[in-house]
Amino acid sequence: MKAARRTLAWMALCGTLALAGCGDGEGAQIAKSQSALKPPNQTAAMLDKPTRAGAPRSISITAIQRKNLWYHLRLVDGETGYRYGYVRGQFRMERTTDRGVTWKPLSLPGALRLSSQSAYAGVENPQVAVVDLDTVAVYGVDGNRFFRWATSDGGRHWQAASSSLPRGGYRVTSVSQPSRKDAWVVLSGPAAETGGAPLIYRVSDAGARASLVRVDDAPEGSGLATGAQVEVVFANLRDGYIYAANPDGKLVAYQTRDGGAHFERRVLSAPASISGARVVRVFPPRALEQEITFASIWRTKSASGWRDHVVVFRTRDGGDSYAGQVCDVLLGARANVEGAPCAFVTPDYGYAIKDGRLMRTSDSGTTWLTLHSTTLEQWLESHPYVLDIDYVSYTQGFVLVANANLNQTVLLATQGLRDRFAPVP
């Protein structure tokens with residue numbers, strides 16, 4: 001009899017516990033889709049908006065080049081890094097070893113002055129590849145010369161090389177450098193000036209050699225479409241990917257498994273929800289082994305006119321298959337002066353700023369969580385231009401902002417927590 005009563009008591013207790021875990025679906029059993037990647041209450045997460053949500057303000061690369069401000073930032077390990085851009089009419093670089101507290105000018109091997117060749121299609125010429133603490137390469141076009149500057153000791157000594165191009169009008173628009181001495185570089189420009197399609201060069205021996213790369217069997221040039229906007233990324237010396245937003249609105253992906261000797265071509269379609277959309281721009285991809293993630297802008301037309309969409313593409317099998325996610329929550333977001341809506345630290349983790357708030361994804365853009373950072377939001381009210389976002393890791397990041405008059409910048413750094421910022425002294 002006592003055993004029966006004990007059994008009934010246990011059954012009652014278990015029933016009570018089971019009821020406590022049911023009802024609103026927030027009990028002990030949590031589905032995968034309800035994990036920490038998503039806020040438990042999206043409405044609650046969006047409350048308490050900043051008093052002024054006018055950040056980030058947009059500005060073109062050609063406008064910021066004339067403001068005498070530093071606007072590109074790369075902190076390699078959170079302590080050592082570089083800032084660069086056109087300052088006082090000339091391309092300059094500086095190095096820090098104390099988290100951006102002090103900066104030391106670097107003596108570059110050549111002078112590159114601000115001109116009509118300093119930008120193309122929203123991208124600056126030259127482009128900089130920061131490979132590690134001490135290895136940096138600068139790739140650019142000056143006139144009809146393709147120049148390469150490389151340092152392996154933090155800028156104390158440079159190796160300089162250059163070669164002539166088929167004609168003038170080109171600018172460097174994309175760079176991927178997976179090793180200290182090897183890089184792939186895209187050169188683009190108006191067809192009226194260049195007379196043809198973008199060019200792709202493989203650069204080796206720390207810039208000493210540059211050879212033209214073809215994505216197909218075209219008798220000359222690169223095989224890319226005239227007028228295409230192109231981004232390149234190599235995960236290593238063998239596995240590389242080229243993404244081209246063609247003038248006909250198609251997004252074409254080229255992949256190689258042999259360092260660019262041969263390429264496979266495929267067209268990436270817009271997600272079903274914006275079927276028929278045309279791609280107008282792609283942004284620099286982030287690669288890690290077989291994983292690649294990149295953002296793009298697509299355009300649809302309706303009776304009310306044209307509408308832009310942000311689409312994040314990702315592959316987890318080295319380009320054998322792709323998934324595209326419409327992320328219109330990023331419309332109006334900005335991560336640098338070249339117009340990228342977000343900055344990916346890895347193919348999974350990315351950051352953006354929109355409406356005066358920091359946003360974060362940890363699932364390649366499938367979901368974006370709006371975060372509350374009082375210090376960042378206060379600085380954005382007085383410094384609404386977001387010039388660069390550079391997260392060194394999931395928890396350590398930097399945001400470079402400028403004031404409304406574009407005559408002062410502030411470097412903000414995370415303090416202890418990944419969402420709490422303070423100005424670097």
# chains A, B, ... in the order shown; residues from 1 in each chain; ligands from 1
>>> closest_atom_pairs(of="segment 269-338 of chain A", to="segment 55-68 of chain A", cutoff="10 Å", atoms="only C-alpha atoms", output="Markdown table")
| residue | atom | partner | partner_atom | distance |
| --- | --- | --- | --- | --- |
| A:Gly332 | CA | A:Pro56 | CA | 7.9 |
| A:Ala333 | CA | A:Pro56 | CA | 7.0 |
| A:Arg334 | CA | A:Pro56 | CA | 6.4 |
| A:Ala335 | CA | A:Pro56 | CA | 8.8 |
| A:Asn336 | CA | A:Ile61 | CA | 9.5 |
| A:Val337 | CA | A:Ile61 | CA | 5.8 |
| A:Glu338 | CA | A:Ile61 | CA | 5.9 |
>>> write_last_selection(atoms="C-alpha atoms", output="mmCIF file, in the first residue's frame")
data_model
loop_
_atom_site.group_PDB
_atom_site.id
_atom_site.type_symbol
_atom_site.label_atom_id
_atom_site.label_comp_id
_atom_site.auth_asym_id
_atom_site.auth_seq_id
_atom_site.Cartn_x
_atom_site.Cartn_y
_atom_site.Cartn_z
ATOM 1 C CA GLY A 332 20.223 51.350 -44.674
ATOM 2 C CA ALA A 333 22.935 49.587 -42.673
ATOM 3 C CA ARG A 334 26.568 50.426 -43.250
ATOM 4 C CA ALA A 335 29.887 48.861 -42.280
ATOM 5 C CA ASN A 336 32.462 50.942 -44.194
ATOM 6 C CA VAL A 337 32.931 53.892 -46.535
ATOM 7 C CA GLU A 338 32.787 51.620 -49.587
#
>>> residues_around(residues="Thr409 of chain A", least_positions_apart="2", cutoff="8 Å", atoms="only C-alpha atoms", output="mmCIF file with C-alpha atoms, in the first residue's frame")
data_model
loop_
_atom_site.group_PDB
_atom_site.id
_atom_site.type_symbol
_atom_site.label_atom_id
_atom_site.label_comp_id
_atom_site.auth_asym_id
_atom_site.auth_seq_id
_atom_site.Cartn_x
_atom_site.Cartn_y
_atom_site.Cartn_z
ATOM 1 C CA LEU A 69 40.413 61.837 -42.288
ATOM 2 C CA TRP A 70 41.617 58.280 -41.734
ATOM 3 C CA HIS A 383 29.430 60.982 -34.846
ATOM 4 C CA LEU A 400 35.709 54.078 -36.560
ATOM 5 C CA VAL A 401 33.221 56.957 -36.681
ATOM 6 C CA ALA A 402 33.293 60.607 -37.796
ATOM 7 C CA ASN A 403 31.331 63.608 -36.593
ATOM 8 C CA LEU A 406 33.503 65.341 -41.091
ATOM 9 C CA ASN A 407 36.449 66.995 -39.371
ATOM 10 C CA LEU A 411 38.020 55.043 -32.653
#
>>> residues_around(residues="segment 294-301 of chain A", least_positions_apart="4", cutoff="7 Å", atoms="only C-alpha atoms", output="list in words")
Ala277, Arg278, Val279, Val280, Arg281, Val282, Phe283, Pro284, Pro285, Arg286, Gly305, Trp306, Arg307, Asp308, His309, Val310, Val311, Val312, Phe313 and Arg314 of chain A
>>> write_last_selection(atoms="C-alpha atoms", output="tab-separated table (two decimals), in the first residue's frame")
chain	number	residue	atom	x	y	z
A	277	ALA	CA	15.57	40.36	-59.37
A	278	ARG	CA	18.77	41.71	-60.93
A	279	VAL	CA	22.05	41.82	-59.04
A	280	VAL	CA	23.69	45.26	-59.02
A	281	ARG	CA	26.62	44.81	-56.63
A	282	VAL	CA	28.58	42.21	-54.67
A	283	PHE	CA	30.75	42.89	-51.65
A	284	PRO	CA	34.04	41.28	-50.52
A	285	PRO	CA	33.50	37.65	-49.44
A	286	ARG	CA	34.78	36.05	-46.25
A	305	GLY	CA	9.36	51.70	-59.04
A	306	TRP	CA	12.66	50.00	-58.24
A	307	ARG	CA	13.39	48.45	-54.87
A	308	ASP	CA	16.72	47.26	-53.48
A	309	HIS	CA	17.25	44.07	-51.48
A	310	VAL	CA	20.22	42.83	-49.47
A	311	VAL	CA	20.95	39.16	-50.12
A	312	VAL	CA	23.62	37.19	-48.24
A	313	PHE	CA	24.95	34.13	-50.06
A	314	ARG	CA	26.80	31.30	-48.37
>>> closest_atom_pairs(of="segment 286-374 of chain A", to="segment 228-251 of chain A", cutoff="7 Å", atoms="only C-alpha atoms", output="JSON lines")
{"residue": "A:Ala287", "atom": "CA", "partner": "A:Ala235", "partner_atom": "CA", "distance": 5.5}
{"residue": "A:Leu288", "atom": "CA", "partner": "A:Ala235", "partner_atom": "CA", "distance": 5.9}
{"residue": "A:Glu289", "atom": "CA", "partner": "A:Ala235", "partner_atom": "CA", "distance": 5.7}
>>> write_last_selection(atoms="all heavy atoms", output="CSV table (one decimal), in the first residue's frame")
chain,number,residue,atom,x,y,z
A,287,ALA,N,36.1,34.0,-46.5
A,287,ALA,CA,36.3,32.6,-46.7
A,287,ALA,C,37.1,32.0,-45.6
A,287,ALA,O,38.0,32.6,-45.0
A,287,ALA,CB,37.1,32.4,-48.0
A,288,LEU,N,36.7,30.7,-45.3
A,288,LEU,CA,37.4,29.9,-44.3
A,288,LEU,C,37.3,28.5,-44.7
A,288,LEU,O,36.2,27.9,-44.6
A,288,LEU,CB,36.8,30.1,-42.9
A,288,LEU,CG,37.5,29.4,-41.7
A,288,LEU,CD1,39.0,29.8,-41.6
A,288,LEU,CD2,36.7,29.6,-40.4
A,289,GLU,N,38.3,27.9,-45.2
A,289,GLU,CA,38.3,26.5,-45.7
A,289,GLU,C,37.2,26.4,-46.8
A,289,GLU,O,37.3,27.1,-47.8
A,289,GLU,CB,38.2,25.5,-44.6
A,289,GLU,CG,39.4,25.6,-43.6
A,289,GLU,CD,39.2,24.6,-42.5
A,289,GLU,OE1,38.1,24.0,-42.3
A,289,GLU,OE2,40.2,24.4,-41.7
>>> closest_residue(among="A:Ala323, A:Tyr86, A:Asp355, A:Phe344", to="Glu381 of chain A", atoms="only C-alpha atoms")
A:Asp355
>>> atom_distance(atom1="atom CA of Ala150 of chain A", atom2="atom CA of Val131 of chain A")
10.5 Å
>>> closest_residue(among="A:Ala208, A:Val392, A:Leu371, A:Ala272", to="Leu75 of chain A", atoms="only C-alpha atoms")
A:Val392
>>> closest_residue(among="A:Tyr120, A:Tyr82, A:Tyr322, A:Phe146", to="Leu106 of chain A", atoms="only C-alpha atoms")
A:Tyr82
>>> atom_distance(atom1="atom CA of Leu187 of chain A", atom2="atom CA of Ala340 of chain A")
19.2 Å
>>> select_by_dssp(residues="segment 19-214 of chain A", states="helix (DSSP H, G or I)", output="JSON, numbers by chain")
{"A": [19, 20, 32, 33, 34, 42, 43, 44, 45, 61, 62, 63, 64, 191, 192, 193, 194, 205, 206, 207]}
>>> closest_residue(among="A:Gly365, A:Pro178, A:Gly85, A:Gly78", to="Arg99 of chain A", atoms="only C-alpha atoms")
A:Gly78
>>> atom_distance(atom1="atom CA of Pro105 of chain A", atom2="atom CA of Thr395 of chain A")
28.5 Å
>>> select_by_dssp(residues="segment 264-375 of chain A", states="strand (DSSP E)", output="number ranges by chain")
A: 264-268, 278-282, 286-288, 291-302, 305-315, 323-326, 343-344, 350-354, 357-361, 369-371
